[in-house]
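> My file is query.txt. It has compact mmCIF, N, CA and C atoms:
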```txt
# COMPACT_ATOMS: atom_id res chain seq x y z
N MET A 5 -29.58 102.66 -1.04
CA MET A 5 -28.21 102.36 -0.67
C MET A 5 -27.29 102.84 -1.78
N THR A 6 -26.15 103.39 -1.37
CA THR A 6 -25.14 103.79 -2.34
C THR A 6 -23.90 102.92 -2.17
N ILE A 7 -23.14 102.82 -3.23
CA ILE A 7 -21.88 102.08 -3.20
C ILE A 7 -20.79 103.02 -3.69
N THR A 8 -19.75 103.15 -2.89
CA THR A 8 -18.58 103.95 -3.24
C THR A 8 -17.39 103.00 -3.30
N THR A 9 -16.58 103.16 -4.33
CA THR A 9 -15.42 102.28 -4.47
C THR A 9 -14.15 103.03 -4.06
N PHE A 10 -13.16 102.25 -3.66
CA PHE A 10 -11.84 102.79 -3.34
C PHE A 10 -10.81 101.73 -3.71
N ASP A 11 -9.55 102.13 -3.73
CA ASP A 11 -8.47 101.22 -4.09
C ASP A 11 -8.14 100.33 -2.89
N PRO A 12 -8.47 99.04 -2.97
CA PRO A 12 -8.21 98.16 -1.83
C PRO A 12 -6.72 97.95 -1.55
N ALA A 13 -5.86 98.28 -2.49
CA ALA A 13 -4.42 98.13 -2.29
C ALA A 13 -3.81 99.38 -1.66
N GLY A 14 -4.59 100.44 -1.53
CA GLY A 14 -4.08 101.69 -0.98
C GLY A 14 -3.80 101.61 0.51
N GLU A 15 -2.95 102.51 0.97
CA GLU A 15 -2.61 102.58 2.39
C GLU A 15 -3.77 103.13 3.22
N LEU A 16 -4.57 104.01 2.60
CA LEU A 16 -5.74 104.61 3.24
C LEU A 16 -6.98 104.36 2.39
N ILE A 17 -8.15 104.47 3.00
CA ILE A 17 -9.41 104.41 2.25
C ILE A 17 -9.69 105.84 1.80
N ILE A 18 -9.50 106.10 0.52
CA ILE A 18 -9.65 107.45 -0.04
C ILE A 18 -10.99 107.55 -0.77
N VAL A 19 -11.74 108.61 -0.46
CA VAL A 19 -13.03 108.87 -1.11
C VAL A 19 -13.06 110.31 -1.58
N ASN A 20 -13.83 110.58 -2.63
CA ASN A 20 -14.00 111.94 -3.11
C ASN A 20 -15.12 112.62 -2.33
N VAL A 21 -14.89 113.88 -2.01
CA VAL A 21 -15.83 114.68 -1.24
C VAL A 21 -16.03 116.00 -1.97
N LEU A 22 -17.26 116.51 -1.94
CA LEU A 22 -17.55 117.83 -2.49
C LEU A 22 -17.93 118.76 -1.35
N VAL A 23 -17.25 119.89 -1.27
CA VAL A 23 -17.55 120.91 -0.25
C VAL A 23 -17.92 122.17 -1.01
N SER A 24 -19.01 122.84 -0.58
CA SER A 24 -19.41 124.05 -1.31
C SER A 24 -19.66 125.23 -0.39
N ASN A 25 -19.60 126.41 -0.99
CA ASN A 25 -19.93 127.63 -0.25
C ASN A 25 -21.34 128.10 -0.62
N ALA A 26 -21.80 129.16 -0.01
CA ALA A 26 -23.17 129.65 -0.23
C ALA A 26 -23.39 130.15 -1.65
N GLN A 27 -22.33 130.53 -2.35
CA GLN A 27 -22.45 131.01 -3.73
C GLN A 27 -22.43 129.88 -4.76
N GLY A 28 -22.30 128.66 -4.29
CA GLY A 28 -22.32 127.50 -5.18
C GLY A 28 -20.97 127.05 -5.70
N LYS A 29 -19.90 127.68 -5.25
CA LYS A 29 -18.56 127.23 -5.66
C LYS A 29 -18.27 125.91 -4.96
N ILE A 30 -17.72 124.95 -5.71
CA ILE A 30 -17.52 123.59 -5.20
C ILE A 30 -16.05 123.21 -5.26
N ALA A 31 -15.59 122.58 -4.20
CA ALA A 31 -14.24 121.99 -4.18
C ALA A 31 -14.41 120.48 -4.20
N ASP A 32 -13.76 119.82 -5.15
CA ASP A 32 -13.77 118.36 -5.26
C ASP A 32 -12.45 117.88 -4.69
N VAL A 33 -12.51 117.26 -3.50
CA VAL A 33 -11.29 116.94 -2.75
C VAL A 33 -11.24 115.48 -2.34
N ARG A 34 -10.04 115.04 -1.97
CA ARG A 34 -9.81 113.64 -1.56
C ARG A 34 -9.70 113.58 -0.04
N PHE A 35 -10.55 112.75 0.57
CA PHE A 35 -10.55 112.57 2.02
C PHE A 35 -10.21 111.13 2.34
N ALA A 36 -9.60 110.92 3.50
CA ALA A 36 -9.39 109.57 4.02
C ALA A 36 -10.56 109.26 4.94
N LEU A 37 -11.21 108.13 4.72
CA LEU A 37 -12.27 107.68 5.61
C LEU A 37 -11.61 107.15 6.87
N ASN A 38 -12.05 107.65 8.04
CA ASN A 38 -11.43 107.24 9.30
C ASN A 38 -12.50 107.09 10.37
N THR A 39 -12.89 105.86 10.64
CA THR A 39 -13.91 105.60 11.66
C THR A 39 -13.37 105.82 13.07
N GLY A 40 -12.07 106.04 13.21
CA GLY A 40 -11.47 106.33 14.50
C GLY A 40 -11.42 107.82 14.80
N SER A 41 -11.85 108.64 13.87
CA SER A 41 -11.86 110.08 14.07
C SER A 41 -13.28 110.53 14.39
N SER A 42 -13.46 111.24 15.49
CA SER A 42 -14.79 111.73 15.83
C SER A 42 -15.19 112.89 14.92
N ALA A 43 -14.23 113.59 14.39
CA ALA A 43 -14.49 114.79 13.60
C ALA A 43 -14.24 114.57 12.12
N THR A 44 -14.89 115.40 11.32
CA THR A 44 -14.59 115.49 9.90
C THR A 44 -13.73 116.74 9.74
N LEU A 45 -12.54 116.55 9.16
CA LEU A 45 -11.54 117.62 9.05
C LEU A 45 -11.30 117.99 7.61
N VAL A 46 -11.01 119.24 7.37
CA VAL A 46 -10.62 119.70 6.04
C VAL A 46 -9.44 120.66 6.18
N LEU A 47 -8.56 120.65 5.20
CA LEU A 47 -7.41 121.55 5.20
C LEU A 47 -7.86 123.00 5.03
N PRO A 48 -7.17 123.94 5.67
CA PRO A 48 -7.51 125.36 5.52
C PRO A 48 -7.44 125.84 4.06
N GLU A 49 -6.54 125.26 3.27
CA GLU A 49 -6.43 125.67 1.87
C GLU A 49 -7.73 125.44 1.10
N VAL A 50 -8.45 124.37 1.44
CA VAL A 50 -9.71 124.06 0.76
C VAL A 50 -10.76 125.11 1.09
N THR A 51 -10.91 125.40 2.38
CA THR A 51 -11.92 126.40 2.76
C THR A 51 -11.51 127.79 2.26
N ASP A 52 -10.22 128.09 2.28
CA ASP A 52 -9.74 129.38 1.75
C ASP A 52 -10.12 129.53 0.28
N ASP A 53 -9.89 128.46 -0.51
CA ASP A 53 -10.22 128.50 -1.94
C ASP A 53 -11.71 128.71 -2.19
N LEU A 54 -12.54 128.28 -1.23
CA LEU A 54 -13.99 128.47 -1.36
C LEU A 54 -14.45 129.83 -0.87
N GLY A 55 -13.52 130.63 -0.35
CA GLY A 55 -13.87 131.97 0.12
C GLY A 55 -14.20 132.05 1.60
N TYR A 56 -14.05 130.94 2.31
CA TYR A 56 -14.24 130.97 3.75
C TYR A 56 -12.95 131.45 4.39
N SER A 57 -13.04 131.90 5.64
CA SER A 57 -11.85 132.27 6.39
C SER A 57 -12.06 131.91 7.85
N ALA A 58 -11.02 132.10 8.64
CA ALA A 58 -11.12 131.82 10.08
C ALA A 58 -12.22 132.66 10.72
N ARG A 59 -12.54 133.80 10.14
CA ARG A 59 -13.63 134.64 10.67
C ARG A 59 -14.98 133.94 10.59
N ASP A 60 -15.10 132.96 9.70
CA ASP A 60 -16.35 132.20 9.58
C ASP A 60 -16.43 131.11 10.65
N GLY A 61 -15.35 130.89 11.36
CA GLY A 61 -15.32 129.87 12.39
C GLY A 61 -16.19 130.24 13.58
N ASP A 62 -16.69 129.22 14.26
CA ASP A 62 -17.52 129.47 15.43
C ASP A 62 -16.90 128.94 16.72
N ALA A 63 -15.73 128.30 16.63
CA ALA A 63 -15.04 127.82 17.82
C ALA A 63 -13.59 127.52 17.47
N ILE A 64 -12.69 127.86 18.37
CA ILE A 64 -11.28 127.49 18.23
C ILE A 64 -11.14 126.07 18.79
N THR A 65 -10.36 125.23 18.12
CA THR A 65 -10.21 123.84 18.58
C THR A 65 -8.74 123.43 18.56
N VAL A 66 -8.46 122.39 19.32
CA VAL A 66 -7.14 121.76 19.32
C VAL A 66 -7.36 120.27 19.15
N ILE A 67 -6.72 119.70 18.16
CA ILE A 67 -6.83 118.26 17.94
C ILE A 67 -5.51 117.63 18.35
N ARG A 68 -5.61 116.62 19.20
CA ARG A 68 -4.42 115.92 19.67
C ARG A 68 -4.21 114.67 18.83
N SER A 69 -3.00 114.49 18.38
CA SER A 69 -2.67 113.32 17.56
C SER A 69 -1.28 112.85 17.95
N PRO A 70 -0.85 111.72 17.41
CA PRO A 70 0.50 111.24 17.71
C PRO A 70 1.60 112.21 17.30
N ILE A 71 1.31 113.11 16.36
CA ILE A 71 2.35 114.05 15.93
C ILE A 71 2.31 115.35 16.73
N GLY A 72 1.36 115.49 17.63
CA GLY A 72 1.30 116.70 18.45
C GLY A 72 -0.08 117.31 18.46
N ASN A 73 -0.17 118.54 18.96
CA ASN A 73 -1.42 119.28 19.02
C ASN A 73 -1.54 120.21 17.82
N GLU A 74 -2.66 120.16 17.14
CA GLU A 74 -2.90 121.01 15.99
C GLU A 74 -4.03 121.97 16.32
N ARG A 75 -3.76 123.26 16.22
CA ARG A 75 -4.79 124.27 16.46
C ARG A 75 -5.56 124.52 15.17
N GLY A 76 -6.84 124.75 15.31
CA GLY A 76 -7.69 125.04 14.18
C GLY A 76 -8.99 125.64 14.66
N TYR A 77 -10.03 125.48 13.86
CA TYR A 77 -11.33 126.02 14.24
C TYR A 77 -12.44 125.20 13.59
N MET A 78 -13.64 125.41 14.10
CA MET A 78 -14.82 124.75 13.52
C MET A 78 -15.63 125.79 12.78
N MET A 79 -16.30 125.34 11.73
CA MET A 79 -17.16 126.23 10.96
C MET A 79 -18.19 125.40 10.20
N ARG A 80 -19.19 126.07 9.68
CA ARG A 80 -20.20 125.41 8.86
C ARG A 80 -19.95 125.75 7.39
N VAL A 81 -20.10 124.73 6.53
CA VAL A 81 -20.03 124.94 5.09
C VAL A 81 -21.43 124.80 4.53
N ALA A 82 -21.69 125.42 3.39
CA ALA A 82 -23.04 125.41 2.81
C ALA A 82 -23.52 124.00 2.54
N SER A 83 -22.66 123.16 1.98
CA SER A 83 -23.03 121.75 1.80
C SER A 83 -21.78 120.89 1.76
N PHE A 84 -21.99 119.62 2.12
CA PHE A 84 -20.90 118.65 2.20
C PHE A 84 -21.44 117.35 1.64
N SER A 85 -20.79 116.82 0.61
CA SER A 85 -21.26 115.60 -0.05
C SER A 85 -20.17 114.54 -0.03
N ALA A 86 -20.56 113.33 0.43
CA ALA A 86 -19.63 112.20 0.45
C ALA A 86 -20.43 110.92 0.42
N LEU A 87 -19.86 109.88 -0.16
CA LEU A 87 -20.45 108.54 -0.17
C LEU A 87 -21.87 108.53 -0.74
N GLY A 88 -22.16 109.47 -1.64
CA GLY A 88 -23.46 109.51 -2.30
C GLY A 88 -24.53 110.30 -1.57
N PHE A 89 -24.18 111.01 -0.51
CA PHE A 89 -25.15 111.78 0.26
C PHE A 89 -24.65 113.20 0.49
N THR A 90 -25.59 114.14 0.52
CA THR A 90 -25.27 115.55 0.75
C THR A 90 -25.94 116.02 2.03
N ILE A 91 -25.17 116.74 2.83
CA ILE A 91 -25.71 117.32 4.06
C ILE A 91 -25.52 118.83 3.96
N PRO A 92 -26.63 119.59 4.00
CA PRO A 92 -26.49 121.05 3.97
C PRO A 92 -26.06 121.58 5.34
N ASP A 93 -25.43 122.74 5.34
CA ASP A 93 -25.05 123.43 6.57
C ASP A 93 -24.30 122.49 7.51
N PHE A 94 -23.25 121.88 6.99
CA PHE A 94 -22.50 120.85 7.73
C PHE A 94 -21.33 121.48 8.48
N ARG A 95 -21.16 121.09 9.73
CA ARG A 95 -20.08 121.62 10.57
C ARG A 95 -18.83 120.76 10.43
N ILE A 96 -17.71 121.41 10.14
CA ILE A 96 -16.43 120.73 9.95
C ILE A 96 -15.36 121.35 10.84
N HIS A 97 -14.29 120.61 11.05
CA HIS A 97 -13.08 121.14 11.69
C HIS A 97 -12.14 121.56 10.56
N VAL A 98 -11.51 122.70 10.70
CA VAL A 98 -10.52 123.17 9.73
C VAL A 98 -9.17 123.09 10.43
N HIS A 99 -8.32 122.18 9.96
CA HIS A 99 -7.03 121.92 10.59
C HIS A 99 -6.02 121.49 9.55
N ASP A 100 -4.74 121.69 9.85
CA ASP A 100 -3.68 121.14 9.03
C ASP A 100 -3.59 119.64 9.30
N LEU A 101 -3.09 118.91 8.34
CA LEU A 101 -2.87 117.47 8.46
C LEU A 101 -1.42 117.16 8.09
N PRO A 102 -0.91 116.03 8.53
CA PRO A 102 0.45 115.66 8.14
C PRO A 102 0.56 115.55 6.61
N GLU A 103 1.67 115.97 6.08
CA GLU A 103 1.88 115.89 4.63
C GLU A 103 2.29 114.49 4.22
N GLY A 104 2.16 114.21 2.95
CA GLY A 104 2.65 112.95 2.41
C GLY A 104 1.58 111.92 2.13
N TYR A 105 0.34 112.19 2.50
CA TYR A 105 -0.72 111.22 2.25
C TYR A 105 -1.57 111.56 1.03
N GLY A 106 -1.43 112.76 0.51
CA GLY A 106 -2.18 113.16 -0.68
C GLY A 106 -3.66 113.35 -0.41
N ILE A 107 -4.01 113.72 0.83
CA ILE A 107 -5.42 113.94 1.16
C ILE A 107 -5.63 115.39 1.57
N GLU A 108 -6.88 115.82 1.45
CA GLU A 108 -7.23 117.19 1.83
C GLU A 108 -8.21 117.22 2.99
N GLY A 109 -8.45 116.04 3.57
CA GLY A 109 -9.35 115.99 4.72
C GLY A 109 -9.51 114.59 5.23
N VAL A 110 -10.28 114.50 6.32
CA VAL A 110 -10.60 113.22 6.96
C VAL A 110 -12.11 113.15 7.13
N LEU A 111 -12.70 112.09 6.63
CA LEU A 111 -14.13 111.86 6.78
C LEU A 111 -14.34 111.04 8.05
N GLY A 112 -14.81 111.71 9.10
CA GLY A 112 -14.93 111.08 10.41
C GLY A 112 -16.37 110.83 10.81
N LEU A 113 -16.53 110.47 12.07
CA LEU A 113 -17.84 110.07 12.59
C LEU A 113 -18.86 111.19 12.61
N SER A 114 -18.44 112.45 12.64
CA SER A 114 -19.43 113.53 12.60
C SER A 114 -20.29 113.45 11.34
N PHE A 115 -19.75 112.89 10.27
CA PHE A 115 -20.53 112.62 9.05
C PHE A 115 -21.08 111.21 9.07
N LEU A 116 -20.24 110.25 9.36
CA LEU A 116 -20.59 108.83 9.23
C LEU A 116 -21.72 108.39 10.15
N LYS A 117 -21.84 108.98 11.35
CA LYS A 117 -22.83 108.51 12.32
C LYS A 117 -24.27 108.74 11.86
N GLN A 118 -24.46 109.45 10.78
CA GLN A 118 -25.79 109.69 10.24
C GLN A 118 -26.25 108.56 9.31
N PHE A 119 -25.39 107.56 9.17
CA PHE A 119 -25.65 106.49 8.21
C PHE A 119 -25.32 105.13 8.82
N ASN A 120 -25.86 104.11 8.21
CA ASN A 120 -25.36 102.75 8.40
C ASN A 120 -24.40 102.53 7.24
N TYR A 121 -23.25 101.99 7.53
CA TYR A 121 -22.28 101.77 6.46
C TYR A 121 -21.49 100.50 6.73
N GLU A 122 -20.99 99.97 5.65
CA GLU A 122 -20.20 98.75 5.72
C GLU A 122 -18.99 98.94 4.81
N VAL A 123 -17.81 98.78 5.37
CA VAL A 123 -16.58 98.90 4.59
C VAL A 123 -16.12 97.49 4.24
N ARG A 124 -16.05 97.21 2.97
CA ARG A 124 -15.56 95.91 2.49
C ARG A 124 -14.15 96.13 1.94
N SER A 125 -13.20 96.06 2.84
CA SER A 125 -11.81 96.41 2.51
C SER A 125 -11.25 95.57 1.38
N ARG A 126 -11.49 94.30 1.42
CA ARG A 126 -10.95 93.40 0.41
C ARG A 126 -11.53 93.69 -0.98
N GLU A 127 -12.81 94.06 -1.02
CA GLU A 127 -13.49 94.36 -2.29
C GLU A 127 -13.29 95.80 -2.74
N GLY A 128 -12.86 96.68 -1.83
CA GLY A 128 -12.71 98.09 -2.18
C GLY A 128 -14.05 98.77 -2.36
N ARG A 129 -15.00 98.44 -1.49
CA ARG A 129 -16.35 99.03 -1.60
C ARG A 129 -16.84 99.48 -0.22
N ILE A 130 -17.60 100.58 -0.24
CA ILE A 130 -18.28 101.07 0.96
C ILE A 130 -19.76 101.13 0.62
N LEU A 131 -20.57 100.39 1.39
CA LEU A 131 -22.02 100.39 1.23
C LEU A 131 -22.61 101.32 2.28
N VAL A 132 -23.47 102.23 1.85
CA VAL A 132 -24.01 103.24 2.77
C VAL A 132 -25.51 103.38 2.57
N GLU A 133 -26.23 103.46 3.70
CA GLU A 133 -27.66 103.77 3.66
C GLU A 133 -27.98 104.78 4.73
N ARG A 134 -28.87 105.70 4.39
CA ARG A 134 -29.29 106.72 5.35
C ARG A 134 -30.22 106.09 6.37
N ILE A 135 -30.08 106.49 7.62
CA ILE A 135 -30.97 106.01 8.65
C ILE A 135 -31.88 107.14 9.07
N ALA A 136 -33.05 106.80 9.55
CA ALA A 136 -34.01 107.80 9.99
C ALA A 136 -33.50 108.47 11.26
N PRO A 137 -33.74 109.77 11.43
CA PRO A 137 -33.34 110.43 12.67
C PRO A 137 -34.02 109.78 13.86
N ALA A 138 -33.36 109.81 15.00
CA ALA A 138 -33.93 109.24 16.21
C ALA A 138 -35.18 110.02 16.61
N ALA A 139 -36.20 109.29 17.06
CA ALA A 139 -37.44 109.92 17.52
C ALA A 139 -37.18 110.66 18.83
N VAL A 140 -37.81 111.79 18.96
CA VAL A 140 -37.62 112.58 20.18
C VAL A 140 -38.74 112.35 21.17
```
Can the structure from this file be put into structure tokens for me?


Amino acid sequence: MTITTFDPAGELIIVNVLVSNAQGKIADVRFALNTGSSATLVLPEVTDDLGYSARDGDAITVIRSPIGNERGYMMRVASFSALGFTIPDFRIHVHDLPEGYGIEGVLGLSFLKQFNYEVRSREGRILVERIAPAAV
């Protein structure tokens, strides 16, 4: 089990995430944990800095939110690390996000569903354990 801390007084649950490319370049970025988001999103600036581009995308996507429709794309990154766990060849959505929150992405269920986790908002802690893959 891993324990990740966050500021319980903050407006969002902010966690540090590491995203890397195949050459080993790493971006250390701030994501908002959002159990209401099915996708894990990252800003295009982050993937651009890692040397990825829209040409690396494998699907065009549109995300609907209260502020409107945001066009973007999906792609795989060499590795994605959050909450004490690393997933190689992880698929993310690359989209713009509203400004003003100081985040570079959203950690959604596409990552979280691989774990059992408990958010202790009052304590500012997230407890996470890996679960075994479902038997086929």

> In Å to one decimal, how far is atom CA of Val110 of chain A from atom CA of Thr51 of chain A?

13.9 Å

> For segment 7-106 of chain A versus segment 123-139 of chain A, which residues have an atom no more than 8 Å away, and what is each residue's nearest atom pair and distance in Å rounded to one decimal, using all atoms listed in the file, chain-then-number order, as a Markdown table?


```
| residue | atom | partner | partner_atom | distance |
| --- | --- | --- | --- | --- |
| A:Ile7 | CA | A:Ile130 | C | 4.5 |
| A:Thr8 | C | A:Ile130 | N | 3.9 |
| A:Thr9 | CA | A:Gly128 | C | 4.3 |
| A:Phe10 | N | A:Gly128 | C | 3.8 |
| A:Asp11 | C | A:Gly128 | CA | 5.1 |
| A:Pro12 | N | A:Gly128 | CA | 4.4 |
| A:Ala13 | N | A:Gly128 | CA | 6.9 |
| A:Leu87 | C | A:Val132 | CA | 6.7 |
| A:Gly88 | N | A:Val132 | CA | 7.9 |
```

> If you run DSSP on the backbone here, which positions in chain A get strand (DSSP E or B)? Please write them as a ChimeraX atom specification.

/A:6-9,18-24,30-37,45-46,63-69,72-86,89-98,109-111,119-124,129-134

> May I have the residues within 6.5 Å of segment 40-47 of chain A as a PyMOL selection string, using all atoms listed in the file and disregarding those fewer than 4 positions away in the same chain?

chain A and resi 51-52+96-101+108-115

> Going by DSSP on the backbone, which bits of chain A are helix (DSSP H, G or I)? Write them as a list in words, please.

Pro48, Glu49, Val50, Thr51, Asp52, Asp53, Ala58, Arg59, Asp60, Leu113, Ser114, Phe115 and Leu116 of chain A

> Given the point (-17.3, 124.0, 11.9) in the file's coordinates, find the residues that have an atom at most 8 Å from it, counting only C-alpha atoms, and give them as a VMD selection string.

chain A and resid 61 to 63 77 to 81 94 to 98

> Can you pull out the residues contacting segment 53-55 of chain A? Cut-off 9 Å, using only C-alpha atoms, and skip same-chain residues under 6 positions away; I want them as a ChimeraX atom specification.

/A:23-25,29-31

> Find, counting only C-alpha atoms, the residue in A:Glu103, A:Ile17, A:Ala36, A:Leu22 that gets nearest to Ser85 of chain A.

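Closest to Ser85 of chain A, using only C-alpha atoms: A:Leu22.
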
> Do you have the atom C of Gly28 of chain A-atom CA of Ala86 of chain A distance handy?

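Atom CA of Ala86 of chain A lies 16.1 Å from atom C of Gly28 of chain A.
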
> Enclose segment 48-54 of chain A, meaning all of its atoms listed in the file, in a box aligned along x, y and z, pad it by 4 Å on each side, and list the centre and edge lengths in Å to one decimal, as lines of an AutoDock Vina configuration file.


```
center_x = -10.4
center_y = 126.9
center_z = 1.7
size_x = 16.0
size_y = 13.9
size_z = 15.9
```

> Kindly indicate which residue among A:Asn20, A:Ser83, A:Gly72, A:Phe119 lies nearest to Val33 of chain A, using all atoms listed in the file for the distances.

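Result for the nearest residue to Val33 of chain A: A:Asn20.
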
> As an exercise, work out the distance from atom CA of Tyr105 of chain A to atom CA of Thr6 of chain A in Å and give it to one decimal place.

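Taking atom CA of Tyr105 of chain A as the start and atom CA of Thr6 of chain A as the end point, the length is 25.9 Å.
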
> Dump C-alpha atoms of segment 57-137 of chain A from the given block, as a compact mmCIF listing (two decimals), in the first residue's frame.


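Wrote it out as selection_5.txt, contents follow:
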```txt
# COMPACT_ATOMS: atom_id res chain seq x y z
CA SER A 57 2.94 15.52 -31.04
CA ALA A 58 -0.59 15.12 -32.36
CA ARG A 59 0.91 12.73 -34.94
CA ASP A 60 1.51 10.29 -32.07
CA GLY A 61 -2.22 10.31 -31.35
CA ASP A 62 -4.33 7.29 -32.20
CA ALA A 63 -7.80 8.86 -32.01
CA ILE A 64 -9.38 12.31 -32.19
CA THR A 65 -11.64 12.99 -29.19
CA VAL A 66 -14.09 15.57 -27.92
CA ILE A 67 -14.61 16.04 -24.21
CA ARG A 68 -17.83 17.69 -23.09
CA SER A 69 -17.73 19.80 -19.97
CA PRO A 70 -19.72 22.64 -18.43
CA ILE A 71 -17.47 25.11 -20.27
CA GLY A 72 -18.09 23.55 -23.68
CA ASN A 73 -16.61 20.95 -26.01
CA GLU A 74 -12.84 20.54 -26.07
CA ARG A 75 -11.22 18.81 -29.03
CA GLY A 76 -8.11 16.76 -28.46
CA TYR A 77 -6.67 13.33 -29.08
CA MET A 78 -5.64 10.12 -27.36
CA MET A 79 -2.13 8.73 -27.32
CA ARG A 80 0.14 6.38 -25.42
CA VAL A 81 3.06 7.61 -23.31
CA ALA A 82 6.05 5.43 -22.46
CA SER A 83 5.24 5.50 -18.75
CA PHE A 84 2.88 7.20 -16.34
CA SER A 85 3.49 7.32 -12.58
CA ALA A 86 1.06 8.51 -9.92
CA LEU A 87 0.15 7.66 -6.32
CA GLY A 88 3.25 5.48 -5.98
CA PHE A 89 2.61 3.27 -9.03
CA THR A 90 3.95 3.26 -12.59
CA ILE A 91 2.09 1.99 -15.63
CA PRO A 92 4.08 1.51 -18.84
CA ASP A 93 2.57 2.29 -22.24
CA PHE A 94 -0.32 4.22 -20.68
CA ARG A 95 -3.06 5.75 -22.83
CA ILE A 96 -3.99 9.36 -22.04
CA HIS A 97 -6.23 12.07 -23.45
CA VAL A 98 -4.40 15.22 -24.56
CA HIS A 99 -6.70 18.23 -24.12
CA ASP A 100 -6.70 21.82 -22.97
CA LEU A 101 -8.12 22.53 -19.52
CA PRO A 102 -9.63 25.67 -18.02
CA GLU A 103 -6.97 28.07 -16.75
CA GLY A 104 -6.66 29.26 -13.19
CA TYR A 105 -6.35 25.97 -11.32
CA GLY A 106 -2.57 25.56 -11.61
CA ILE A 107 -2.84 21.98 -12.88
CA GLU A 108 -1.40 20.27 -15.93
CA GLY A 109 -3.77 17.33 -16.01
CA VAL A 110 -6.56 15.31 -14.46
CA LEU A 111 -6.01 11.90 -12.90
CA GLY A 112 -9.19 10.03 -13.79
CA LEU A 113 -10.65 6.55 -13.66
CA SER A 114 -8.64 5.25 -16.61
CA PHE A 115 -5.74 5.18 -14.12
CA LEU A 116 -7.59 4.82 -10.83
CA LYS A 117 -9.70 1.77 -11.77
CA GLN A 118 -6.56 -0.38 -11.64
CA PHE A 119 -6.35 0.13 -7.89
CA ASN A 120 -8.29 0.11 -4.68
CA TYR A 121 -7.99 3.56 -3.17
CA GLU A 122 -9.33 5.56 -0.30
CA VAL A 123 -9.35 9.35 -0.21
CA ARG A 124 -9.23 10.74 3.32
CA SER A 125 -10.10 14.34 2.58
CA ARG A 126 -9.95 15.58 6.14
CA GLU A 127 -6.51 14.00 6.70
CA GLY A 128 -5.13 14.96 3.28
CA ARG A 129 -4.14 11.38 2.46
CA ILE A 130 -4.81 8.93 -0.36
CA LEU A 131 -4.28 5.23 0.41
CA VAL A 132 -3.71 3.07 -2.67
CA GLU A 133 -3.17 -0.64 -3.26
CA ARG A 134 -2.79 -2.49 -6.52
CA ILE A 135 -5.40 -5.10 -7.25
CA ALA A 136 -4.85 -8.28 -9.22
CA PRO A 137 -6.10 -8.24 -12.81
```
